[in-house]
file target.txt (compact mmCIF, C-alpha atoms and all ligand atoms)
# COMPACT_ATOMS: atom_id res chain seq x y z
CA MET A 27 26.60 -5.39 -1.12
CA ALA A 28 23.74 -7.21 -2.86
CA GLY A 29 20.87 -8.36 -0.66
CA PRO A 30 19.70 -11.95 -0.36
CA ARG A 31 17.45 -13.76 -2.83
CA LEU A 32 14.87 -15.44 -0.64
CA VAL A 33 11.78 -17.61 -0.86
CA ILE A 34 9.44 -17.81 2.10
CA LEU A 35 7.24 -20.89 2.45
CA GLY A 36 4.52 -21.50 5.02
CA LYS A 37 0.84 -22.23 5.47
CA GLN A 38 -1.73 -19.52 4.91
CA GLY A 39 -1.68 -17.39 8.05
CA ALA A 40 1.84 -18.43 9.06
CA GLY A 41 2.88 -14.77 8.82
CA LYS A 42 4.66 -14.96 5.46
CA GLY A 43 3.33 -11.61 4.23
CA THR A 44 4.13 -9.76 7.43
CA GLN A 45 7.59 -11.25 7.78
CA ALA A 46 8.44 -10.95 4.07
CA GLU A 47 7.55 -7.26 4.29
CA ARG A 48 9.86 -6.82 7.29
CA LEU A 49 12.70 -8.72 5.60
CA ALA A 50 12.23 -6.61 2.47
CA ARG A 51 12.55 -3.44 4.52
CA THR A 52 15.58 -4.69 6.46
CA TYR A 53 17.55 -5.76 3.41
CA GLY A 54 16.23 -3.05 1.05
CA ILE A 55 14.87 -5.61 -1.42
CA PRO A 56 11.41 -5.93 -3.01
CA ARG A 57 8.82 -8.34 -1.62
CA ILE A 58 7.18 -10.18 -4.49
CA SER A 59 3.87 -11.70 -3.49
CA THR A 60 1.98 -13.52 -6.24
CA GLY A 61 -1.21 -13.31 -4.13
CA ASP A 62 -0.86 -9.50 -3.97
CA ILE A 63 -0.12 -9.28 -7.68
CA PHE A 64 -3.32 -11.22 -8.43
CA ARG A 65 -5.46 -9.34 -5.88
CA ASN A 66 -4.29 -6.08 -7.41
CA ALA A 67 -4.96 -7.42 -10.93
CA VAL A 68 -8.52 -8.34 -9.87
CA GLU A 69 -9.04 -4.91 -8.26
CA ILE A 70 -8.02 -3.07 -11.43
CA GLY A 71 -9.63 -5.63 -13.76
CA THR A 72 -6.72 -6.82 -15.93
CA GLU A 73 -6.89 -9.95 -18.07
CA ALA A 74 -4.66 -11.96 -15.67
CA GLY A 75 -6.94 -10.82 -12.84
CA THR A 76 -10.05 -11.98 -14.65
CA ARG A 77 -8.46 -15.38 -15.30
CA ALA A 78 -7.24 -15.73 -11.71
CA LYS A 79 -10.35 -14.63 -9.80
CA LYS A 80 -12.41 -17.81 -9.96
CA TYR A 81 -9.49 -19.92 -8.73
CA MET A 82 -8.69 -17.50 -5.93
CA ASP A 83 -12.28 -17.31 -4.70
CA ALA A 84 -12.40 -21.11 -4.46
CA GLY A 85 -9.00 -21.36 -2.73
CA GLU A 86 -7.62 -23.22 -5.76
CA LEU A 87 -4.24 -22.61 -7.36
CA VAL A 88 -4.18 -20.32 -10.39
CA PRO A 89 -2.84 -22.31 -13.40
CA ASP A 90 0.95 -22.59 -13.46
CA ASP A 91 1.38 -20.91 -16.86
CA VAL A 92 -0.36 -17.75 -15.64
CA VAL A 93 1.61 -17.64 -12.38
CA ILE A 94 4.99 -18.45 -13.89
CA GLY A 95 4.51 -15.78 -16.56
CA VAL A 96 3.68 -13.17 -13.93
CA VAL A 97 6.71 -14.08 -11.79
CA GLU A 98 9.13 -14.12 -14.72
CA GLU A 99 7.94 -10.69 -15.75
CA ARG A 100 8.32 -9.37 -12.22
CA LEU A 101 11.81 -10.87 -11.74
CA ALA A 102 12.93 -9.21 -14.97
CA GLU A 103 12.41 -5.78 -13.41
CA ASP A 104 15.51 -3.85 -12.35
CA ASP A 105 14.71 -3.62 -8.66
CA THR A 106 15.23 -7.37 -8.22
CA ARG A 107 18.86 -7.25 -9.29
CA ASP A 108 20.13 -6.87 -5.73
CA GLY A 109 17.86 -9.45 -4.17
CA PHE A 110 14.18 -10.12 -3.49
CA VAL A 111 11.87 -12.08 -1.27
CA LEU A 112 9.34 -14.30 -3.02
CA ASP A 113 6.17 -14.76 -0.96
CA GLY A 114 3.60 -17.31 -2.18
CA PHE A 115 5.72 -18.64 -5.03
CA PRO A 116 6.68 -21.36 -5.81
CA ARG A 117 3.60 -23.18 -4.60
CA ASN A 118 4.21 -26.60 -6.18
CA ALA A 119 7.00 -28.68 -7.72
CA GLU A 120 6.21 -27.53 -11.28
CA GLN A 121 6.64 -23.88 -10.28
CA ALA A 122 9.86 -24.62 -8.37
CA ARG A 123 11.29 -26.44 -11.39
CA ALA A 124 10.20 -23.64 -13.74
CA LEU A 125 11.98 -21.13 -11.50
CA ASP A 126 15.20 -23.21 -11.55
CA GLU A 127 14.98 -23.85 -15.27
CA GLU A 128 14.13 -20.33 -16.40
CA MET A 129 16.42 -18.46 -14.04
CA GLY A 130 19.20 -21.00 -13.27
CA ALA A 131 19.51 -23.21 -10.18
CA ASP A 132 21.24 -20.46 -8.18
CA VAL A 133 18.34 -18.03 -8.65
CA VAL A 134 17.57 -18.39 -4.94
CA ASP A 135 20.05 -18.23 -2.04
CA LEU A 136 17.83 -19.50 0.75
CA VAL A 137 14.32 -20.90 1.22
CA ILE A 138 12.74 -20.23 4.57
CA GLU A 139 10.03 -22.50 5.90
CA LEU A 140 8.01 -20.59 8.50
CA GLU A 141 6.63 -23.25 10.84
CA VAL A 142 3.33 -22.57 12.63
CA PRO A 143 0.76 -25.16 13.84
CA THR A 144 -2.62 -25.19 12.07
CA GLU A 145 -4.67 -24.14 15.12
CA ILE A 146 -2.63 -20.94 15.36
CA VAL A 147 -2.89 -20.09 11.64
CA LEU A 148 -6.68 -20.45 11.78
CA ARG A 149 -6.84 -17.86 14.56
CA ARG A 150 -4.53 -15.50 12.65
CA ILE A 151 -6.50 -15.79 9.39
CA ALA A 152 -9.76 -14.78 11.12
CA SER A 153 -8.14 -11.53 12.22
CA ARG A 154 -6.09 -10.58 9.17
CA ARG A 155 -6.73 -7.72 6.72
CA VAL A 156 -4.78 -6.61 3.62
CA CYS A 157 -4.36 -3.52 1.42
CA LEU A 158 -5.80 -4.27 -2.02
CA THR A 159 -3.40 -1.89 -3.73
CA CYS A 160 0.05 -2.58 -2.24
CA GLY A 161 -0.58 -5.72 -0.19
CA ALA A 162 0.53 -4.24 3.13
CA PRO A 163 -0.66 -6.65 5.83
CA TYR A 164 -2.80 -5.56 8.82
CA SER A 165 -4.93 -7.33 11.42
CA LEU A 166 -7.79 -6.49 13.78
CA GLY A 167 -5.13 -6.16 16.49
CA SER A 168 -2.94 -3.80 14.39
CA PRO A 169 -5.21 -1.88 11.98
CA PRO A 170 -4.11 1.08 9.83
CA SER A 171 -4.20 4.38 11.70
CA ASP A 172 -6.94 5.90 9.53
CA ASP A 173 -10.24 4.05 9.06
CA TRP A 174 -9.11 1.02 6.99
CA THR A 175 -7.09 3.17 4.59
CA CYS A 176 -3.57 1.86 4.00
CA ASP A 177 -0.84 3.76 5.89
CA VAL A 178 1.60 3.09 3.04
CA CYS A 179 -0.37 3.89 -0.14
CA ARG A 180 -3.87 5.04 0.99
CA GLY A 181 -5.40 1.95 -0.72
CA ARG A 182 -8.44 0.09 0.60
CA VAL A 183 -7.73 -2.29 3.52
CA VAL A 184 -10.18 -5.22 3.60
CA GLN A 185 -10.70 -8.79 4.70
CA ARG A 186 -9.64 -11.04 1.82
CA GLU A 187 -12.56 -12.34 -0.23
CA ASP A 188 -11.02 -15.81 -0.11
CA ASP A 189 -10.79 -15.90 3.68
CA THR A 190 -14.00 -17.92 3.91
CA GLU A 191 -14.07 -21.17 5.89
CA ALA A 192 -14.32 -23.41 2.80
CA ALA A 193 -11.58 -21.62 0.87
CA ILE A 194 -9.25 -21.56 3.88
CA LYS A 195 -9.68 -25.31 4.38
CA ARG A 196 -9.00 -25.91 0.70
CA ARG A 197 -5.85 -23.76 0.79
CA LEU A 198 -4.53 -25.58 3.85
CA ASP A 199 -5.15 -28.97 2.19
CA LEU A 200 -3.42 -27.76 -0.96
CA TYR A 201 -0.47 -26.53 1.08
CA ALA A 202 -0.03 -29.98 2.61
CA GLU A 203 -0.42 -31.76 -0.74
CA ARG A 204 1.36 -29.46 -3.17
CA THR A 205 3.58 -26.98 -1.35
CA GLU A 206 4.95 -28.93 1.62
CA PRO A 207 6.87 -31.32 -0.71
CA LEU A 208 9.00 -28.30 -1.69
CA VAL A 209 10.62 -28.52 1.74
CA ALA A 210 12.28 -31.77 0.66
CA TYR A 211 13.07 -30.29 -2.78
CA TYR A 212 15.01 -27.37 -1.29
CA LEU A 213 16.53 -29.48 1.50
CA ALA A 214 18.10 -31.62 -1.23
CA GLN A 215 19.58 -28.43 -2.72
CA ASP A 216 20.92 -27.47 0.73
CA LYS A 217 18.88 -24.26 0.61
CA LEU A 218 16.34 -24.83 3.36
CA ALA A 219 16.12 -23.02 6.71
CA SER A 220 13.17 -24.00 8.93
CA ILE A 221 12.27 -21.27 11.39
CA ASP A 222 9.73 -21.31 14.24
CA GLY A 223 7.01 -18.79 13.27
CA THR A 224 5.13 -18.75 16.59
CA GLY A 225 5.24 -15.88 19.06
CA ASP A 226 5.08 -12.17 18.44
CA VAL A 227 6.00 -10.52 15.17
CA GLU A 228 9.24 -8.95 16.46
CA ALA A 229 10.49 -12.21 17.95
CA VAL A 230 9.86 -14.09 14.69
CA THR A 231 11.65 -11.39 12.67
CA ALA A 232 14.66 -11.59 15.00
CA ARG A 233 14.73 -15.39 14.59
CA LEU A 234 14.51 -15.04 10.81
CA LEU A 235 17.32 -12.50 10.57
CA ARG A 236 19.58 -14.66 12.75
CA GLY A 237 18.73 -17.72 10.64
CA ILE A 238 19.30 -15.96 7.31
CA ASP A 239 22.50 -14.18 8.27
CA GLY A 240 23.91 -17.37 9.86
CA ARG A 241 23.22 -19.42 6.76
CA LEU A 242 24.28 -16.93 4.14
CA THR A 243 27.56 -15.89 5.74
CA ARG A 244 28.54 -19.55 6.18
CA LYS A 245 28.14 -20.25 2.46
P1 LIG B 1 -1.91 -15.83 -1.18
O1 LIG B 1 -2.11 -14.38 -0.93
O2 LIG B 1 -0.45 -16.18 -1.36
O3 LIG B 1 -2.59 -16.71 -0.16
O4 LIG B 1 -2.60 -16.15 -2.60
C1 LIG B 1 -3.99 -15.97 -2.78
C2 LIG B 1 -4.47 -16.81 -3.94
O5 LIG B 1 -3.80 -16.43 -5.14
C3 LIG B 1 -4.20 -18.31 -3.79
O6 LIG B 1 -5.20 -18.99 -3.04
C4 LIG B 1 -4.19 -18.74 -5.26
O7 LIG B 1 -5.51 -18.82 -5.79
C5 LIG B 1 -3.51 -17.56 -5.93
N1 LIG B 1 -2.03 -17.76 -5.96
C6 LIG B 1 -1.09 -16.99 -5.36
N2 LIG B 1 0.15 -17.46 -5.59
C7 LIG B 1 -0.01 -18.56 -6.37
C8 LIG B 1 0.89 -19.51 -6.94
N3 LIG B 1 2.22 -19.42 -6.76
N4 LIG B 1 0.35 -20.51 -7.67
C9 LIG B 1 -0.98 -20.63 -7.87
N5 LIG B 1 -1.88 -19.78 -7.35
C10 LIG B 1 -1.41 -18.76 -6.61
call {"tool": "encode", "arguments": {"input": "target.txt", "output": "structure tokens"}}
result
Amino acid sequence: MAGPRLVILGKQGAGKGTQAERLARTYGIPRISTGDIFRNAVEIGTEAGTRAKKYMDAGELVPDDVVIGVVEERLAEDDTRDGFVLDGFPRNAEQARALDEEMGADVVDLVIELEVPTEIVLRRIASRRVCLTCGAPYSLGSPPSDDWTCDVCRGRVVQREDDTEAAIKRRLDLYAERTEPLVAYYLAQDKLASIDGTGDVEAVTARLLRGIDGRLTRK
């Protein structure tokens, strides 16, 4: 049976990357993170990476045409045919509309909003680390087993360059202004599931799986 086609929304530090990775593993679908795609593009020095870097460093959104192009290309790959989880896209109404228009309004089965209060996300961001090659998420509390080398792909595990105080504040403001309105957009399409993202990683995953399976079997 085909896996679900999911979008995961949430503030920076809400646990989107970690949970999207776990959902991807559970359902056997790819996790598509635009942030990871851009960080990897910067690391290897591609043209998209060069264009994206100055926006990323400032906590600003990369221009829609660049992001939408990257996502369309990624969704055209074969491994997305039986489902996917989009993490970090769409980030504003223009991107959500582009996704619906380019791929058809039923491109997504369910949009999950991972709800976590701001004081908790700030604590999580201070501790988080990421693999620059494959995007696997780590934290000071759960580091890779071998000296900041990724357990999955042996890439470099680092603190994100854009996890500075100013850039974090800017990203949280942008989330409230530009991304949060998508909750209403997907609610109107009857595709929204809001899930409590507080508590430990396992408990949140269990809540997510219950929420997703409940919603998708009812449809
Ligand atoms: P993330 O890892 O999702 O927090 O993304 C890191 C950075 O990449 C963001 O602060 C943006 O500069 C850029 N980025 C990632 N996804 C998008 C998107 N959908 N639209 C615009 N910029 C994005």
call {"tool": "atom_distance", "arguments": {"input": "target.txt", "atom1": "atom CA of Tyr81 of chain A", "atom2": "atom CA of Asn118 of chain A"}}
result
15.5 Å
call {"tool": "residues_near_ligand", "arguments": {"input": "target.txt", "ligand": "ligand LIG 1 (chain B)", "cutoff": "6 Å", "atoms": "only C-alpha atoms and all ligand atoms", "output": "list of chain:residue names"}}
result
A:Gln38, A:Thr60, A:Gly61, A:Asp62, A:Tyr81, A:Met82, A:Gly85, A:Glu86, A:Leu87, A:Val88, A:Val93, A:Gly114, A:Phe115, A:Pro116, A:Arg117
call {"tool": "atom_distance", "arguments": {"input": "target.txt", "atom1": "atom CA of Val183 of chain A", "atom2": "atom CA of Cys157 of chain A"}}
result
4.2 Å
call {"tool": "closest_atom_pairs", "arguments": {"input": "target.txt", "of": "segment 53-119 of chain A", "to": "segment 125-145 of chain A", "cutoff": "12 Å", "atoms": "only C-alpha atoms", "output": "tab-separated table"}}
result
residue	atom	partner	partner_atom	distance
A:Asp90	CA	A:Leu125	CA	11.3
A:Asp91	CA	A:Leu125	CA	11.9
A:Val93	CA	A:Leu125	CA	11.0
A:Ile94	CA	A:Leu125	CA	7.9
A:Gly95	CA	A:Leu125	CA	10.5
A:Val96	CA	A:Leu125	CA	11.8
A:Val97	CA	A:Leu125	CA	8.8
A:Glu98	CA	A:Glu128	CA	8.1
A:Glu99	CA	A:Glu128	CA	11.5
A:Leu101	CA	A:Met129	CA	9.2
A:Ala102	CA	A:Met129	CA	9.9
A:Thr106	CA	A:Val133	CA	11.1
A:Arg107	CA	A:Val133	CA	10.8
A:Asp108	CA	A:Val133	CA	11.7
A:Gly109	CA	A:Val134	CA	9.0
A:Phe110	CA	A:Val134	CA	9.1
A:Val111	CA	A:Val134	CA	9.3
A:Leu112	CA	A:Val137	CA	9.3
A:Asp113	CA	A:Ile138	CA	10.2
A:Gly114	CA	A:Glu139	CA	11.6
A:Phe115	CA	A:Leu125	CA	9.3
A:Pro116	CA	A:Leu125	CA	7.8
A:Arg117	CA	A:Leu125	CA	11.0
A:Asn118	CA	A:Leu125	CA	10.9
A:Ala119	CA	A:Leu125	CA	9.8
call {"tool": "closest_residue", "arguments": {"input": "target.txt", "among": "A:Leu235, A:Ala84, A:Leu198, A:Leu148", "to": "Arg51 of chain A", "atoms": "only C-alpha atoms"}}
result
A:Leu235
call {"tool": "residues_around", "arguments": {"input": "target.txt", "residues": "Ala67 of chain A", "least_positions_apart": "5", "cutoff": "10 Å", "atoms": "only C-alpha atoms", "output": "VMD selection string"}}
result
chain A and resid 61 to 62 72 to 79 158 to 159
call {"tool": "closest_residue", "arguments": {"input": "target.txt", "among": "A:Val68, A:Gln121, A:Ile146, A:Arg154", "to": "Pro89 of chain A", "atoms": "all atoms listed in the file"}}
result
A:Gln121
call {"tool": "closest_residue", "arguments": {"input": "target.txt", "among": "A:Ile34, A:Ile55, A:Cys176, A:Ala46", "to": "Thr205 of chain A", "atoms": "only C-alpha atoms"}}
result
A:Ile34
call {"tool": "closest_residue", "arguments": {"input": "target.txt", "among": "A:Asp199, A:Pro170, A:Gly41, A:Tyr164", "to": "Asp222 of chain A", "atoms": "only C-alpha atoms"}}
result
A:Gly41
call {"tool": "closest_residue", "arguments": {"input": "target.txt", "among": "A:Ser220, A:Trp174, A:Arg182, A:Ile238", "to": "Tyr53 of chain A", "atoms": "only C-alpha atoms"}}
result
A:Ile238
call {"tool": "closest_residue", "arguments": {"input": "target.txt", "among": "A:Arg233, A:Arg197, A:Lys217, A:Lys80", "to": "Val147 of chain A", "atoms": "all atoms listed in the file"}}
result
A:Arg197
call {"tool": "atom_distance", "arguments": {"input": "target.txt", "atom1": "atom CA of Ser165 of chain A", "atom2": "atom CA of Ser153 of chain A"}}
result
5.3 Å
call {"tool": "decode", "arguments": {"input": "target.txt", "residues": "segment 176-209 of chain A", "atoms": "N, CA and C atoms", "output": "PDB file, in the first residue's frame"}}
result
ATOM      1  N   CYS A 176      28.389  11.916  11.456  1.00  0.00           N
ATOM      2  CA  CYS A 176      27.022  11.390  11.358  1.00  0.00           C
ATOM      3  C   CYS A 176      26.990   9.857  11.392  1.00  0.00           C
ATOM      4  N   ASP A 177      26.102   9.304  12.223  1.00  0.00           N
ATOM      5  CA  ASP A 177      25.946   7.847  12.305  1.00  0.00           C
ATOM      6  C   ASP A 177      25.402   7.273  11.002  1.00  0.00           C
ATOM      7  N   VAL A 178      24.637   8.082  10.256  1.00  0.00           N
ATOM      8  CA  VAL A 178      23.979   7.574   9.050  1.00  0.00           C
ATOM      9  C   VAL A 178      24.935   7.602   7.859  1.00  0.00           C
ATOM     10  N   CYS A 179      25.609   8.781   7.637  1.00  0.00           N
ATOM     11  CA  CYS A 179      26.347   8.927   6.369  1.00  0.00           C
ATOM     12  C   CYS A 179      27.801   9.357   6.581  1.00  0.00           C
ATOM     13  N   ARG A 180      28.247   9.463   7.824  1.00  0.00           N
ATOM     14  CA  ARG A 180      29.622   9.886   8.164  1.00  0.00           C
ATOM     15  C   ARG A 180      29.893  11.355   7.797  1.00  0.00           C
ATOM     16  N   GLY A 181      28.831  12.141   7.520  1.00  0.00           N
ATOM     17  CA  GLY A 181      29.004  13.578   7.245  1.00  0.00           C
ATOM     18  C   GLY A 181      29.349  14.341   8.518  1.00  0.00           C
ATOM     19  N   ARG A 182      29.599  15.643   8.349  1.00  0.00           N
ATOM     20  CA  ARG A 182      29.982  16.501   9.465  1.00  0.00           C
ATOM     21  C   ARG A 182      28.733  16.953  10.229  1.00  0.00           C
ATOM     22  N   VAL A 183      28.727  16.756  11.553  1.00  0.00           N
ATOM     23  CA  VAL A 183      27.594  17.174  12.387  1.00  0.00           C
ATOM     24  C   VAL A 183      27.973  18.465  13.103  1.00  0.00           C
ATOM     25  N   VAL A 184      27.192  19.518  12.905  1.00  0.00           N
ATOM     26  CA  VAL A 184      27.579  20.851  13.397  1.00  0.00           C
ATOM     27  C   VAL A 184      26.364  21.572  13.985  1.00  0.00           C
ATOM     28  N   GLN A 185      26.657  22.691  14.659  1.00  0.00           N
ATOM     29  CA  GLN A 185      25.576  23.614  15.002  1.00  0.00           C
ATOM     30  C   GLN A 185      25.269  24.408  13.741  1.00  0.00           C
ATOM     31  N   ARG A 186      23.984  24.648  13.455  1.00  0.00           N
ATOM     32  CA  ARG A 186      23.650  25.390  12.240  1.00  0.00           C
ATOM     33  C   ARG A 186      24.193  26.806  12.298  1.00  0.00           C
ATOM     34  N   GLU A 187      24.728  27.280  11.169  1.00  0.00           N
ATOM     35  CA  GLU A 187      25.278  28.636  11.123  1.00  0.00           C
ATOM     36  C   GLU A 187      24.212  29.681  11.381  1.00  0.00           C
ATOM     37  N   ASP A 188      22.944  29.335  11.069  1.00  0.00           N
ATOM     38  CA  ASP A 188      21.877  30.321  11.269  1.00  0.00           C
ATOM     39  C   ASP A 188      21.210  30.185  12.632  1.00  0.00           C
ATOM     40  N   ASP A 189      21.758  29.386  13.524  1.00  0.00           N
ATOM     41  CA  ASP A 189      21.213  29.324  14.878  1.00  0.00           C
ATOM     42  C   ASP A 189      21.858  30.386  15.774  1.00  0.00           C
ATOM     43  N   THR A 190      21.894  31.612  15.293  1.00  0.00           N
ATOM     44  CA  THR A 190      22.341  32.740  16.109  1.00  0.00           C
ATOM     45  C   THR A 190      21.085  33.401  16.676  1.00  0.00           C
ATOM     46  N   GLU A 191      21.267  34.195  17.746  1.00  0.00           N
ATOM     47  CA  GLU A 191      20.103  34.774  18.411  1.00  0.00           C
ATOM     48  C   GLU A 191      19.260  35.630  17.453  1.00  0.00           C
ATOM     49  N   ALA A 192      19.952  36.464  16.655  1.00  0.00           N
ATOM     50  CA  ALA A 192      19.214  37.379  15.762  1.00  0.00           C
ATOM     51  C   ALA A 192      18.463  36.596  14.686  1.00  0.00           C
ATOM     52  N   ALA A 193      19.125  35.594  14.108  1.00  0.00           N
ATOM     53  CA  ALA A 193      18.482  34.835  13.027  1.00  0.00           C
ATOM     54  C   ALA A 193      17.332  33.985  13.570  1.00  0.00           C
ATOM     55  N   ILE A 194      17.488  33.470  14.775  1.00  0.00           N
ATOM     56  CA  ILE A 194      16.406  32.659  15.365  1.00  0.00           C
ATOM     57  C   ILE A 194      15.178  33.544  15.591  1.00  0.00           C
ATOM     58  N   LYS A 195      15.416  34.743  16.121  1.00  0.00           N
ATOM     59  CA  LYS A 195      14.290  35.648  16.388  1.00  0.00           C
ATOM     60  C   LYS A 195      13.581  35.987  15.067  1.00  0.00           C
ATOM     61  N   ARG A 196      14.379  36.260  14.039  1.00  0.00           N
ATOM     62  CA  ARG A 196      13.800  36.595  12.744  1.00  0.00           C
ATOM     63  C   ARG A 196      12.973  35.417  12.202  1.00  0.00           C
ATOM     64  N   ARG A 197      13.497  34.205  12.339  1.00  0.00           N
ATOM     65  CA  ARG A 197      12.768  33.040  11.822  1.00  0.00           C
ATOM     66  C   ARG A 197      11.465  32.819  12.585  1.00  0.00           C
ATOM     67  N   LEU A 198      11.487  33.065  13.902  1.00  0.00           N
ATOM     68  CA  LEU A 198      10.246  32.883  14.666  1.00  0.00           C
ATOM     69  C   LEU A 198       9.211  33.946  14.279  1.00  0.00           C
ATOM     70  N   ASP A 199       9.677  35.183  14.058  1.00  0.00           N
ATOM     71  CA  ASP A 199       8.750  36.242  13.608  1.00  0.00           C
ATOM     72  C   ASP A 199       8.162  35.886  12.253  1.00  0.00           C
ATOM     73  N   LEU A 200       9.039  35.415  11.353  1.00  0.00           N
ATOM     74  CA  LEU A 200       8.563  35.045  10.017  1.00  0.00           C
ATOM     75  C   LEU A 200       7.572  33.883  10.077  1.00  0.00           C
ATOM     76  N   TYR A 201       7.803  32.962  10.986  1.00  0.00           N
ATOM     77  CA  TYR A 201       6.866  31.837  11.127  1.00  0.00           C
ATOM     78  C   TYR A 201       5.477  32.375  11.478  1.00  0.00           C
ATOM     79  N   ALA A 202       5.443  33.274  12.461  1.00  0.00           N
ATOM     80  CA  ALA A 202       4.154  33.823  12.894  1.00  0.00           C
ATOM     81  C   ALA A 202       3.475  34.596  11.760  1.00  0.00           C
ATOM     82  N   GLU A 203       4.279  35.379  11.024  1.00  0.00           N
ATOM     83  CA  GLU A 203       3.694  36.227   9.969  1.00  0.00           C
ATOM     84  C   GLU A 203       3.322  35.453   8.718  1.00  0.00           C
ATOM     85  N   ARG A 204       4.229  34.582   8.262  1.00  0.00           N
ATOM     86  CA  ARG A 204       4.089  33.998   6.933  1.00  0.00           C
ATOM     87  C   ARG A 204       3.622  32.547   6.938  1.00  0.00           C
ATOM     88  N   THR A 205       4.064  31.772   7.929  1.00  0.00           N
ATOM     89  CA  THR A 205       3.768  30.332   7.862  1.00  0.00           C
ATOM     90  C   THR A 205       2.503  29.974   8.641  1.00  0.00           C
ATOM     91  N   GLU A 206       2.312  30.617   9.802  1.00  0.00           N
ATOM     92  CA  GLU A 206       1.144  30.267  10.621  1.00  0.00           C
ATOM     93  C   GLU A 206      -0.186  30.417   9.850  1.00  0.00           C
ATOM     94  N   PRO A 207      -0.325  31.411   8.954  1.00  0.00           N
ATOM     95  CA  PRO A 207      -1.578  31.498   8.192  1.00  0.00           C
ATOM     96  C   PRO A 207      -1.893  30.236   7.371  1.00  0.00           C
ATOM     97  N   LEU A 208      -0.897  29.394   7.135  1.00  0.00           N
ATOM     98  CA  LEU A 208      -1.160  28.158   6.385  1.00  0.00           C
ATOM     99  C   LEU A 208      -2.040  27.201   7.169  1.00  0.00           C
ATOM    100  N   VAL A 209      -2.061  27.367   8.497  1.00  0.00           N
ATOM    101  CA  VAL A 209      -2.922  26.516   9.327  1.00  0.00           C
ATOM    102  C   VAL A 209      -4.375  26.713   8.881  1.00  0.00           C
TER     103      VAL A 209
END
